[in-house]
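Colleague: Structure in structure tokens, see below.
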Amino acid sequence: MKPSWGRGWSIDLRVWIHRAGQAILGPGRLELLEGIERWHSISAAARHMGMSYRRAWDLVQSINHAAGDPLVSAAVGGQQGGGAQLTELGRWAVGVFREIQQQVRLTAAATLPRLVEPSDSAVLHVAAAASLEEVLRDLLATYALQQPTVKVQAVFGASDELATHILAGAPADVFLTADAGPLERLEAAGLVTAGTRQLLATTALAAITQQDRDMPVSKPVHLKKKEAGRIALPGPESPAGRYTQTYLESVHLLDKLAARAVWVENSRAVVAAIRSRQADVGLVYASDAFQAEGCRILFQIPRLPVTVEFTGAAVQRGQGKAGINPAARNACELLEFLASPTAASTFLRFGFVPQHQPEAQAR
């Protein structure tokens with residue numbers, strides 16, 4: 001039998017961009033620049049990376065010097081370090097670097113299956129909340145480099161609906177939910193493998209509007225202003241809607257906004273309503289806000305009465321003795337990966353707050 005890719009083997013791909021022998025961008029530097037673009041602050045980007053402000057500032061200066069022209073425009077201003085943003089060259093460089101990383105990863109992921117014996121391949125079915133789609137697809141591309149013998153098939157939808165399908169017999173080895181309720185339904189039916197439930201990440205709520213719109217709204221109480229216009233809200237049948245309604249009730253805003261509310265299906269539908277100008281302001285998951293092209297964030301609500309939690313667990317659907325699931329090992333290994341420092345860095349990049357310390361990247 002010819003040699004094949006061994007179980008436990010993995011590939012770690014790290015791309016760097018240099019100019020005249022000096023490093024401009026690497027994994028950690030890219031994360032810092034993306035944080036600056038998101039927060040418009042070097043100190044905030046550093047804080048979310050677990051890095052000191054001084055270290056971040058020195059890295060920005062090193063990046064600008066190595067590039068020849070500034071990738072970051074920063075203003076010194078007290079303890080917070082002033083405001084900062086990427087220059088046009090900086091945004092271009094970040095986009096190019098991300099595309100190169102993605103192409104390198106896709107090439108490796110396409111090559112590895114040819115090195116795996118067909119008989120060794122396994123299929124793992126994942127049912128995940130729709131708000132996890134972008135981050136999970138990115139994570140699964142990385143996971144394919146670590147576990148090329150495992151083919152992952154993911155379906156995305158509303159957490160409640162996915163749980164209903166699983167209860168009806170739909171194939172699923174891993175369930176990732178935005179709300180504890182659907183997972184508790186599966187647990188009550190004996191469909192969750194004991195000891196596998198774990199919190200992966202949380203997120204906040206955020207208010208968004210169109211990118212080109214001048215909106216006099218910078219905190220929740222401003223939503224009462226007539227100038228805030230129509231306000232898109234996720235319906236209470238979705239997890240995002242329940243989190244949003246609980247929050248608005250806690251600050252006595254729900255009744256005051258009712259007359260101007262535009263109710264839609266979920267957080268993603270709120271983003272669509274803002275893009276299409278069916279509404280003027282929308283409340284969404286912060287993770288959706290960070291990825292919403294054509295929109296800008298007005299404010300975030302980091303502290304909520306009920307934390308927005310994304311939880312995963314292995315689904316028990318095997319028929320072996322003692323209820324052993326034949327795919328349990330692969331399911332547990334995927335969950336371990338999703339809770340790893342490597343995954344934490346990706347969750348952070350997509351606007352989530354990971355429950356584990358992100359992997360320390362080379363700077």
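As shown in the structure tokens, the chain order sets the letters A, B, ...; within each chain, residues go from 1, and ligands are also counted from 1 in the order they appear.
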Within 10 Å of A:Leu183, counting only C-alpha atoms, which residues qualify if same-chain residues fewer than 6 places away don't, as a list in words?

Modeller: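 Within the cut-off, the hits are Ser159, Asp160, Leu162, Ala163, Phe175, Leu176, Thr177, Ala189, Leu191, Val192, Arg197, Thr311, Gly312, Ala313 and Val315 of chain A.
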
Colleague: Using DSSP on the backbone coordinates, identify the residues of stretch 193-316 of chain A assigned to alpha helix (DSSP H); present them as an NGL selection string.

Modeller: :A and (239-250 or 254-257 or 267-275 or 286-290)

Colleague: Kindly assemble as a tab-separated table a list of the stretch 122-180 of chain A residues that lie within 12 Å of stretch 198-213 of chain A, each paired with its nearest atom pair and their distance in Å to one decimal, using only C-alpha atoms, sorted first by chain and then by ascending residue number.

Modeller:
residue	atom	partner	partner_atom	distance
A:Ser131	CA	A:Thr203	CA	10.6
A:Leu132	CA	A:Ala201	CA	10.3
A:Val135	CA	A:Ala201	CA	11.2
A:Leu136	CA	A:Leu200	CA	11.6
A:Val174	CA	A:Gln198	CA	11.6
A:Phe175	CA	A:Gln198	CA	10.9
A:Leu176	CA	A:Leu200	CA	9.1
A:Thr177	CA	A:Leu199	CA	9.8
A:Ala178	CA	A:Thr202	CA	8.9
A:Asp179	CA	A:Thr202	CA	10.7
A:Ala180	CA	A:Leu199	CA	10.1

Colleague: Check the DSSP output for the backbone and give back, as a count of residues only, the residues of stretch 73-243 of chain A in strand (DSSP E or B).

Modeller: 42

Colleague: Point out the residue among A:Pro234, A:Gly26, A:Gly241, A:Gly229 with the least atom-to-atom distance to A:Val271, counting only C-alpha atoms.

Modeller: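 With only C-alpha atoms as the atom set, the closest residue is A:Pro234.
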
Colleague: So that I can check the surroundings of A:Ser250, please list as a PyMOL selection string every protein, DNA and RNA residue that reaches within 9 Å of it, counting only C-alpha atoms and ignoring chain neighbours fewer than 5 positions away.

Modeller: chain A and resi 245+304-305
